[in-house]
$ cat target27.txt   # compact mmCIF, N, CA and C atoms and all ligand atoms
# COMPACT_ATOMS: atom_id res chain seq x y z
N MET A 26 -46.29 -53.27 -85.55
CA MET A 26 -47.50 -53.79 -84.93
C MET A 26 -47.34 -53.92 -83.43
N GLU A 27 -46.31 -54.61 -82.98
CA GLU A 27 -46.18 -54.88 -81.56
C GLU A 27 -45.48 -53.75 -80.84
N ASN A 28 -46.01 -53.37 -79.70
CA ASN A 28 -45.36 -52.32 -78.93
C ASN A 28 -44.82 -52.84 -77.60
N ASN A 29 -44.85 -54.14 -77.42
CA ASN A 29 -44.27 -54.71 -76.21
C ASN A 29 -43.32 -55.84 -76.62
N ALA A 30 -42.03 -55.55 -76.51
CA ALA A 30 -41.02 -56.48 -77.02
C ALA A 30 -41.00 -57.79 -76.24
N ASN A 31 -41.42 -57.75 -74.98
CA ASN A 31 -41.33 -58.95 -74.15
C ASN A 31 -42.39 -59.99 -74.49
N THR A 32 -43.61 -59.54 -74.63
CA THR A 32 -44.68 -60.51 -74.81
C THR A 32 -45.31 -60.43 -76.20
N GLY A 33 -45.06 -59.31 -76.86
CA GLY A 33 -45.73 -59.12 -78.13
C GLY A 33 -47.18 -58.72 -77.95
N LYS A 34 -47.59 -58.51 -76.70
CA LYS A 34 -48.98 -58.13 -76.45
C LYS A 34 -49.03 -56.77 -75.77
N ARG A 35 -49.96 -55.96 -76.24
CA ARG A 35 -50.16 -54.68 -75.59
C ARG A 35 -51.09 -54.89 -74.41
N ARG A 36 -50.88 -54.09 -73.35
CA ARG A 36 -51.66 -54.26 -72.13
C ARG A 36 -52.51 -53.01 -71.86
N CYS A 37 -53.70 -53.24 -71.34
CA CYS A 37 -54.61 -52.16 -70.97
C CYS A 37 -53.98 -51.28 -69.88
N LEU A 38 -54.00 -49.97 -70.06
CA LEU A 38 -53.44 -49.06 -69.06
C LEU A 38 -54.17 -49.15 -67.73
N ASN A 39 -55.43 -49.52 -67.77
CA ASN A 39 -56.22 -49.55 -66.54
C ASN A 39 -56.13 -50.87 -65.80
N CYS A 40 -56.33 -51.99 -66.50
CA CYS A 40 -56.41 -53.28 -65.81
C CYS A 40 -55.28 -54.25 -66.17
N GLY A 41 -54.50 -53.93 -67.19
CA GLY A 41 -53.38 -54.78 -67.56
C GLY A 41 -53.73 -55.96 -68.45
N ALA A 42 -55.01 -56.09 -68.81
CA ALA A 42 -55.40 -57.20 -69.69
C ALA A 42 -54.82 -56.98 -71.09
N PRO A 43 -54.53 -58.06 -71.80
CA PRO A 43 -54.04 -57.92 -73.17
C PRO A 43 -55.08 -57.18 -74.03
N ILE A 44 -54.57 -56.37 -74.95
CA ILE A 44 -55.46 -55.62 -75.82
C ILE A 44 -55.51 -56.29 -77.18
N LEU A 45 -56.70 -56.53 -77.65
CA LEU A 45 -56.89 -57.08 -78.99
C LEU A 45 -57.32 -55.96 -79.92
N GLY A 46 -57.00 -56.12 -81.20
CA GLY A 46 -57.52 -55.16 -82.16
C GLY A 46 -56.51 -54.10 -82.54
N ARG A 47 -57.00 -52.90 -82.82
CA ARG A 47 -56.17 -51.84 -83.39
C ARG A 47 -54.91 -51.59 -82.56
N SER A 48 -53.82 -51.27 -83.27
CA SER A 48 -52.54 -51.14 -82.59
C SER A 48 -52.42 -49.86 -81.78
N ASP A 49 -53.35 -48.90 -81.99
CA ASP A 49 -53.27 -47.65 -81.22
C ASP A 49 -54.17 -47.65 -79.99
N LYS A 50 -54.83 -48.77 -79.72
CA LYS A 50 -55.70 -48.83 -78.55
C LYS A 50 -54.89 -48.88 -77.26
N LEU A 51 -55.33 -48.14 -76.25
CA LEU A 51 -54.63 -48.12 -74.97
C LEU A 51 -55.38 -48.89 -73.88
N PHE A 52 -56.64 -49.19 -74.16
CA PHE A 52 -57.48 -49.84 -73.15
C PHE A 52 -58.16 -51.05 -73.76
N CYS A 53 -58.51 -52.03 -72.89
CA CYS A 53 -59.13 -53.25 -73.39
C CYS A 53 -60.60 -53.02 -73.73
N CYS A 54 -61.22 -52.04 -73.07
CA CYS A 54 -62.64 -51.81 -73.30
C CYS A 54 -63.02 -50.37 -72.90
N GLY A 55 -64.21 -49.97 -73.28
CA GLY A 55 -64.66 -48.62 -72.98
C GLY A 55 -64.75 -48.34 -71.48
N ARG A 56 -65.12 -49.35 -70.72
CA ARG A 56 -65.25 -49.16 -69.28
C ARG A 56 -63.88 -48.85 -68.64
N CYS A 57 -62.84 -49.57 -69.08
CA CYS A 57 -61.50 -49.32 -68.56
C CYS A 57 -61.03 -47.91 -68.93
N LYS A 58 -61.33 -47.50 -70.15
CA LYS A 58 -60.96 -46.16 -70.59
C LYS A 58 -61.61 -45.12 -69.69
N ASN A 59 -62.90 -45.26 -69.42
CA ASN A 59 -63.61 -44.33 -68.55
C ASN A 59 -63.06 -44.33 -67.13
N GLU A 60 -62.84 -45.53 -66.59
CA GLU A 60 -62.32 -45.63 -65.22
C GLU A 60 -60.98 -44.92 -65.08
N TRP A 61 -60.12 -45.14 -66.07
CA TRP A 61 -58.77 -44.57 -66.03
C TRP A 61 -58.85 -43.04 -66.09
N HIS A 62 -59.66 -42.51 -66.99
CA HIS A 62 -59.78 -41.05 -67.12
C HIS A 62 -60.44 -40.43 -65.89
N ASN A 63 -61.45 -41.10 -65.33
CA ASN A 63 -62.08 -40.59 -64.12
C ASN A 63 -61.09 -40.53 -62.96
N HIS A 64 -60.29 -41.58 -62.85
CA HIS A 64 -59.30 -41.63 -61.77
C HIS A 64 -58.32 -40.47 -61.90
N ILE A 65 -57.80 -40.24 -63.10
CA ILE A 65 -56.85 -39.14 -63.33
C ILE A 65 -57.51 -37.81 -62.99
N THR A 66 -58.73 -37.63 -63.46
CA THR A 66 -59.41 -36.37 -63.22
C THR A 66 -59.62 -36.12 -61.74
N ILE A 67 -60.04 -37.15 -61.01
CA ILE A 67 -60.30 -36.99 -59.57
C ILE A 67 -59.00 -36.68 -58.83
N SER A 68 -57.91 -37.39 -59.14
CA SER A 68 -56.68 -37.13 -58.39
C SER A 68 -56.10 -35.76 -58.73
N GLU A 69 -56.25 -35.33 -59.98
CA GLU A 69 -55.80 -33.97 -60.33
C GLU A 69 -56.62 -32.92 -59.60
N LYS A 70 -57.91 -33.17 -59.54
CA LYS A 70 -58.81 -32.22 -58.87
C LYS A 70 -58.47 -32.11 -57.39
N ARG A 71 -58.21 -33.27 -56.76
CA ARG A 71 -57.85 -33.25 -55.33
C ARG A 71 -56.55 -32.49 -55.11
N ARG A 72 -55.58 -32.71 -56.01
CA ARG A 72 -54.29 -32.03 -55.85
C ARG A 72 -54.47 -30.52 -56.00
N ARG A 73 -55.23 -30.12 -57.01
CA ARG A 73 -55.51 -28.68 -57.21
C ARG A 73 -56.17 -28.09 -55.98
N GLU A 74 -57.16 -28.79 -55.45
CA GLU A 74 -57.87 -28.28 -54.28
C GLU A 74 -56.94 -28.16 -53.07
N ARG A 75 -56.07 -29.16 -52.90
CA ARG A 75 -55.14 -29.15 -51.77
C ARG A 75 -54.20 -27.94 -51.87
N VAL A 76 -53.65 -27.72 -53.07
CA VAL A 76 -52.73 -26.61 -53.26
C VAL A 76 -53.46 -25.28 -53.09
N PHE A 77 -54.63 -25.17 -53.67
CA PHE A 77 -55.35 -23.91 -53.59
C PHE A 77 -55.79 -23.61 -52.16
N THR A 78 -56.23 -24.65 -51.43
CA THR A 78 -56.61 -24.46 -50.03
C THR A 78 -55.42 -23.96 -49.21
N ALA A 79 -54.25 -24.54 -49.44
CA ALA A 79 -53.05 -24.12 -48.70
C ALA A 79 -52.71 -22.67 -49.03
N LEU A 80 -52.78 -22.30 -50.30
CA LEU A 80 -52.47 -20.92 -50.69
C LEU A 80 -53.47 -19.95 -50.08
N TRP A 81 -54.72 -20.35 -50.11
CA TRP A 81 -55.76 -19.46 -49.59
C TRP A 81 -55.63 -19.28 -48.09
N ARG A 82 -55.29 -20.36 -47.37
CA ARG A 82 -55.07 -20.25 -45.92
C ARG A 82 -53.88 -19.32 -45.65
N ASN A 83 -52.79 -19.51 -46.42
CA ASN A 83 -51.64 -18.62 -46.28
C ASN A 83 -52.05 -17.17 -46.46
N TYR A 84 -52.85 -16.92 -47.48
CA TYR A 84 -53.28 -15.55 -47.78
C TYR A 84 -54.05 -14.96 -46.61
N LYS A 85 -54.96 -15.75 -46.05
CA LYS A 85 -55.76 -15.27 -44.93
C LYS A 85 -54.88 -14.97 -43.71
N VAL A 86 -53.90 -15.83 -43.45
CA VAL A 86 -52.99 -15.60 -42.32
C VAL A 86 -52.18 -14.32 -42.55
N LEU A 87 -51.69 -14.15 -43.79
CA LEU A 87 -50.90 -12.94 -44.09
C LEU A 87 -51.75 -11.68 -43.99
N GLU A 88 -53.00 -11.78 -44.44
CA GLU A 88 -53.91 -10.64 -44.32
C GLU A 88 -54.13 -10.26 -42.86
N MET A 89 -54.27 -11.28 -42.00
CA MET A 89 -54.43 -11.00 -40.57
C MET A 89 -53.21 -10.27 -40.03
N MET A 90 -52.04 -10.67 -40.48
CA MET A 90 -50.80 -10.01 -40.03
C MET A 90 -50.78 -8.55 -40.50
N LEU A 91 -51.19 -8.33 -41.74
CA LEU A 91 -51.22 -6.96 -42.27
C LEU A 91 -52.23 -6.12 -41.49
N ASP A 92 -53.39 -6.69 -41.23
CA ASP A 92 -54.41 -5.96 -40.47
C ASP A 92 -53.90 -5.59 -39.08
N ALA A 93 -53.09 -6.50 -38.51
CA ALA A 93 -52.55 -6.26 -37.16
C ALA A 93 -51.27 -5.42 -37.23
N GLU A 94 -50.89 -5.00 -38.43
CA GLU A 94 -49.66 -4.24 -38.67
C GLU A 94 -48.44 -4.97 -38.12
N GLU A 95 -48.48 -6.27 -38.24
CA GLU A 95 -47.34 -7.11 -37.86
C GLU A 95 -46.54 -7.38 -39.14
N LYS A 96 -45.45 -6.64 -39.33
CA LYS A 96 -44.72 -6.72 -40.60
C LYS A 96 -43.58 -7.73 -40.60
N ALA A 97 -43.29 -8.30 -39.41
CA ALA A 97 -42.21 -9.30 -39.35
C ALA A 97 -42.59 -10.46 -38.43
N PRO A 98 -43.64 -11.18 -38.78
CA PRO A 98 -44.09 -12.28 -37.92
C PRO A 98 -43.14 -13.48 -37.96
N GLU A 99 -43.08 -14.20 -36.83
CA GLU A 99 -42.27 -15.42 -36.79
C GLU A 99 -42.97 -16.53 -37.56
N ILE A 100 -42.18 -17.30 -38.31
CA ILE A 100 -42.74 -18.39 -39.11
C ILE A 100 -43.39 -19.43 -38.19
N GLN A 101 -42.77 -19.66 -37.04
CA GLN A 101 -43.32 -20.63 -36.09
C GLN A 101 -44.75 -20.27 -35.70
N SER A 102 -44.99 -19.02 -35.38
CA SER A 102 -46.35 -18.67 -34.95
C SER A 102 -47.31 -18.65 -36.13
N LEU A 103 -46.81 -18.30 -37.32
CA LEU A 103 -47.67 -18.38 -38.51
C LEU A 103 -48.07 -19.83 -38.78
N SER A 104 -47.09 -20.74 -38.63
CA SER A 104 -47.36 -22.16 -38.87
C SER A 104 -48.45 -22.67 -37.94
N GLU A 105 -48.43 -22.19 -36.71
CA GLU A 105 -49.47 -22.60 -35.76
C GLU A 105 -50.85 -22.12 -36.20
N MET A 106 -50.88 -21.11 -37.07
CA MET A 106 -52.15 -20.61 -37.60
C MET A 106 -52.49 -21.28 -38.93
N GLY A 107 -51.66 -22.23 -39.37
CA GLY A 107 -51.94 -22.96 -40.61
C GLY A 107 -51.15 -22.49 -41.81
N PHE A 108 -50.24 -21.54 -41.60
CA PHE A 108 -49.41 -21.05 -42.71
C PHE A 108 -48.39 -22.10 -43.12
N LYS A 109 -48.28 -22.33 -44.43
CA LYS A 109 -47.29 -23.28 -44.95
C LYS A 109 -46.32 -22.53 -45.86
N PRO A 110 -45.11 -22.27 -45.35
CA PRO A 110 -44.18 -21.41 -46.11
C PRO A 110 -43.77 -21.97 -47.47
N GLU A 111 -43.95 -23.28 -47.68
CA GLU A 111 -43.54 -23.86 -48.97
C GLU A 111 -44.53 -23.55 -50.09
N TYR A 112 -45.69 -22.99 -49.74
CA TYR A 112 -46.67 -22.64 -50.77
C TYR A 112 -46.63 -21.14 -51.05
N VAL A 113 -46.25 -20.78 -52.26
CA VAL A 113 -46.20 -19.37 -52.68
C VAL A 113 -46.76 -19.28 -54.09
N THR A 114 -47.16 -18.09 -54.47
CA THR A 114 -47.60 -17.92 -55.87
C THR A 114 -46.52 -17.26 -56.70
N GLY A 115 -45.49 -16.74 -56.03
CA GLY A 115 -44.41 -16.11 -56.78
C GLY A 115 -43.13 -16.09 -55.96
N TYR A 116 -42.03 -16.05 -56.66
CA TYR A 116 -40.72 -16.06 -56.01
C TYR A 116 -39.77 -15.32 -56.92
N LYS A 117 -38.98 -14.45 -56.30
CA LYS A 117 -38.01 -13.71 -57.10
C LYS A 117 -36.71 -13.61 -56.31
N ARG A 118 -35.61 -13.89 -56.97
CA ARG A 118 -34.32 -13.81 -56.29
C ARG A 118 -33.53 -12.67 -56.93
N PHE A 119 -33.04 -11.79 -56.07
CA PHE A 119 -32.29 -10.65 -56.58
C PHE A 119 -30.79 -10.95 -56.57
N ARG A 120 -30.03 -10.11 -57.30
CA ARG A 120 -28.59 -10.34 -57.41
C ARG A 120 -27.89 -10.30 -56.06
N ASN A 121 -28.43 -9.49 -55.14
CA ASN A 121 -27.79 -9.40 -53.82
C ASN A 121 -28.10 -10.60 -52.93
N GLY A 122 -28.80 -11.60 -53.48
CA GLY A 122 -29.08 -12.81 -52.72
C GLY A 122 -30.40 -12.76 -51.96
N ARG A 123 -30.99 -11.57 -51.90
CA ARG A 123 -32.26 -11.43 -51.21
C ARG A 123 -33.36 -12.10 -52.04
N SER A 124 -34.30 -12.72 -51.36
CA SER A 124 -35.41 -13.36 -52.06
C SER A 124 -36.72 -12.69 -51.65
N GLU A 125 -37.59 -12.56 -52.60
CA GLU A 125 -38.90 -12.01 -52.32
C GLU A 125 -39.94 -13.06 -52.68
N PHE A 126 -40.89 -13.24 -51.77
CA PHE A 126 -41.94 -14.22 -51.98
C PHE A 126 -43.26 -13.51 -52.14
N ARG A 127 -44.16 -14.21 -52.78
CA ARG A 127 -45.44 -13.58 -53.04
C ARG A 127 -46.56 -14.59 -52.79
N CYS A 128 -47.63 -14.10 -52.17
CA CYS A 128 -48.86 -14.88 -52.07
C CYS A 128 -49.96 -13.98 -52.63
N PHE A 129 -50.32 -14.21 -53.87
CA PHE A 129 -51.23 -13.32 -54.60
C PHE A 129 -50.68 -11.89 -54.53
N ASP A 130 -51.43 -10.93 -53.95
CA ASP A 130 -50.92 -9.55 -53.98
C ASP A 130 -50.16 -9.16 -52.72
N ILE A 131 -49.85 -10.13 -51.87
CA ILE A 131 -49.05 -9.83 -50.67
C ILE A 131 -47.64 -10.36 -50.90
N SER A 132 -46.65 -9.52 -50.61
CA SER A 132 -45.28 -10.00 -50.78
C SER A 132 -44.51 -9.84 -49.47
N TYR A 133 -43.42 -10.59 -49.37
CA TYR A 133 -42.61 -10.56 -48.15
C TYR A 133 -41.23 -11.11 -48.43
N ASN A 134 -40.31 -10.78 -47.55
CA ASN A 134 -39.00 -11.39 -47.56
C ASN A 134 -38.96 -12.35 -46.39
N LYS A 135 -37.94 -13.18 -46.34
CA LYS A 135 -37.96 -14.25 -45.36
C LYS A 135 -36.56 -14.57 -44.86
N THR A 136 -36.45 -14.81 -43.56
CA THR A 136 -35.25 -15.43 -43.00
C THR A 136 -35.65 -16.82 -42.54
N GLU A 137 -34.72 -17.55 -41.92
CA GLU A 137 -35.07 -18.87 -41.39
C GLU A 137 -36.23 -18.79 -40.42
N ALA A 138 -36.23 -17.74 -39.61
CA ALA A 138 -37.14 -17.68 -38.46
C ALA A 138 -38.39 -16.84 -38.69
N ARG A 139 -38.30 -15.87 -39.58
CA ARG A 139 -39.45 -14.98 -39.72
C ARG A 139 -39.59 -14.41 -41.12
N LEU A 140 -40.81 -13.92 -41.36
CA LEU A 140 -41.03 -13.13 -42.56
C LEU A 140 -40.72 -11.68 -42.18
N TYR A 141 -40.37 -10.87 -43.17
CA TYR A 141 -40.24 -9.44 -42.88
C TYR A 141 -40.62 -8.65 -44.12
N ASN A 142 -40.80 -7.35 -43.89
CA ASN A 142 -41.20 -6.48 -45.00
C ASN A 142 -42.51 -6.96 -45.64
N LEU A 143 -43.40 -7.44 -44.80
CA LEU A 143 -44.69 -7.92 -45.27
C LEU A 143 -45.51 -6.73 -45.78
N ARG A 144 -46.01 -6.83 -46.98
CA ARG A 144 -46.71 -5.69 -47.58
C ARG A 144 -47.60 -6.13 -48.72
N ARG A 145 -48.56 -5.27 -49.04
CA ARG A 145 -49.33 -5.46 -50.27
C ARG A 145 -48.47 -4.96 -51.41
N ALA A 146 -48.30 -5.79 -52.41
CA ALA A 146 -47.46 -5.39 -53.54
C ALA A 146 -48.32 -5.34 -54.81
N PRO A 147 -48.50 -4.16 -55.35
CA PRO A 147 -49.32 -4.05 -56.55
C PRO A 147 -48.68 -4.72 -57.76
N ASP A 148 -47.37 -4.83 -57.75
CA ASP A 148 -46.71 -5.38 -58.91
C ASP A 148 -45.40 -6.02 -58.54
N PHE A 149 -45.09 -7.13 -59.19
CA PHE A 149 -43.84 -7.83 -58.93
C PHE A 149 -42.66 -7.10 -59.57
N GLY A 150 -42.90 -6.31 -60.60
CA GLY A 150 -41.82 -5.58 -61.29
C GLY A 150 -41.22 -6.45 -62.35
ZN ZN A 201 -58.83 -52.99 -69.12

$ encode --input "target27.txt" --output "structure tokens" --more "lines below"
Ligand SMILES: [Zn+2]
Amino acid sequence: MENNANTGKRRCLNCGAPILGRSDKLFCCGRCKNEWHNHITISEKRRRERVFTALWRNYKVLEMMLDAEEKAPEIQSLSEMGFKPEYVTGYKRFRNGRSEFRCFDISYNKTEARLYNLRRAPDFG
């Protein structure tokens, strides 16, 4: 019956009030249940949007580099254009230690200071 060894009372996930009734209840009332689920949904949505916005900005910056035929841009100057190197859609490490990064269909290799071998990659292999 009891799921809280300290008090013997179950607490609402949203407001912390003691829960009466069925032992599988997680919330004290319907309103708390709704508030809790809305909060989770909103914060997940914000996180998704933040990640997707960063990826999309990266993609646009990389496309500009490709259009300019700049195949080895410095990370510093990309960052000034809003590029965030920590956001990628794919990563592959080869036996020789070389790493390949991917932003949707654009792939590149990377040193500390710059990207290189920037190209459209039809397939990761
Ligand atoms: Zn509650």

$ residues_near_ligand --input "target27.txt" --ligand "ligand ZN 201 (chain A)" --cutoff "7 Å" --atoms "all atoms listed in the file" --output "ChimeraX atom specification"
/A:36-42,52-54,56-58

$ closest_residue --input "target27.txt" --among "A:Glu95, A:Leu51, A:Leu80, A:Arg144" --to "Thr114 of chain A" --atoms "only N, CA and C atoms"
A:Leu80

$ select_by_dssp --input "target27.txt" --residues "chain A" --states "helix (DSSP H, G or I)" --output "ChimeraX atom specification"
/A:55-92,100-105

$ closest_residue --input "target27.txt" --among "A:Gly55, A:Thr136, A:Gly46, A:Asn121" --to "Glu99 of chain A" --atoms "only C-alpha atoms"
A:Thr136

$ closest_residue --input "target27.txt" --among "A:Glu137, A:Ala146, A:Tyr112, A:Ser48" --to "Thr78 of chain A" --atoms "only C-alpha atoms"
A:Tyr112

$ atom_distance --input "target27.txt" --atom1 "atom N of Lys109 of chain A" --atom2 "atom C of Ala79 of chain A"
6.4 Å

$ atom_distance --input "target27.txt" --atom1 "atom N of Arg75 of chain A" --atom2 "atom N of Asp130 of chain A"
18.8 Å

$ atom_distance --input "target27.txt" --atom1 "atom CA of Phe129 of chain A" --atom2 "atom CA of Leu91 of chain A"
13.9 Å

$ residues_around --input "target27.txt" --residues "Asn134 of chain A" --least-positions-apart "3" --cutoff "8 Å" --atoms "only C-alpha atoms" --output "list in words"
Arg123, Ser124, Glu125, Phe126, Leu140, Tyr141, Asn142 and Leu143 of chain A

$ write_last_selection --input "target27.txt" --atoms "N, CA and C atoms" --output "short mmCIF file (atom, residue, chain, number, x, y, z; two decimals), in the frame of the given file"
data_model
loop_
_atom_site.label_atom_id
_atom_site.label_comp_id
_atom_site.auth_asym_id
_atom_site.auth_seq_id
_atom_site.Cartn_x
_atom_site.Cartn_y
_atom_site.Cartn_z
N ARG A 123 -30.99 -11.57 -51.90
CA ARG A 123 -32.26 -11.43 -51.21
C ARG A 123 -33.36 -12.10 -52.04
N SER A 124 -34.30 -12.72 -51.36
CA SER A 124 -35.41 -13.36 -52.06
C SER A 124 -36.72 -12.69 -51.65
N GLU A 125 -37.59 -12.56 -52.60
CA GLU A 125 -38.90 -12.01 -52.32
C GLU A 125 -39.94 -13.06 -52.68
N PHE A 126 -40.89 -13.24 -51.77
CA PHE A 126 -41.94 -14.22 -51.98
C PHE A 126 -43.26 -13.51 -52.14
N LEU A 140 -40.81 -13.92 -41.36
CA LEU A 140 -41.03 -13.13 -42.56
C LEU A 140 -40.72 -11.68 -42.18
N TYR A 141 -40.37 -10.87 -43.17
CA TYR A 141 -40.24 -9.44 -42.88
C TYR A 141 -40.62 -8.65 -44.12
N ASN A 142 -40.80 -7.35 -43.89
CA ASN A 142 -41.20 -6.48 -45.00
C ASN A 142 -42.51 -6.96 -45.64
N LEU A 143 -43.40 -7.44 -44.80
CA LEU A 143 -44.69 -7.92 -45.27
C LEU A 143 -45.51 -6.73 -45.78
#

$ closest_residue --input "target27.txt" --among "A:Asn83, A:Ser132, A:Ser68, A:Asn59" --to "Met106 of chain A" --atoms "only N, CA and C atoms"
A:Asn83
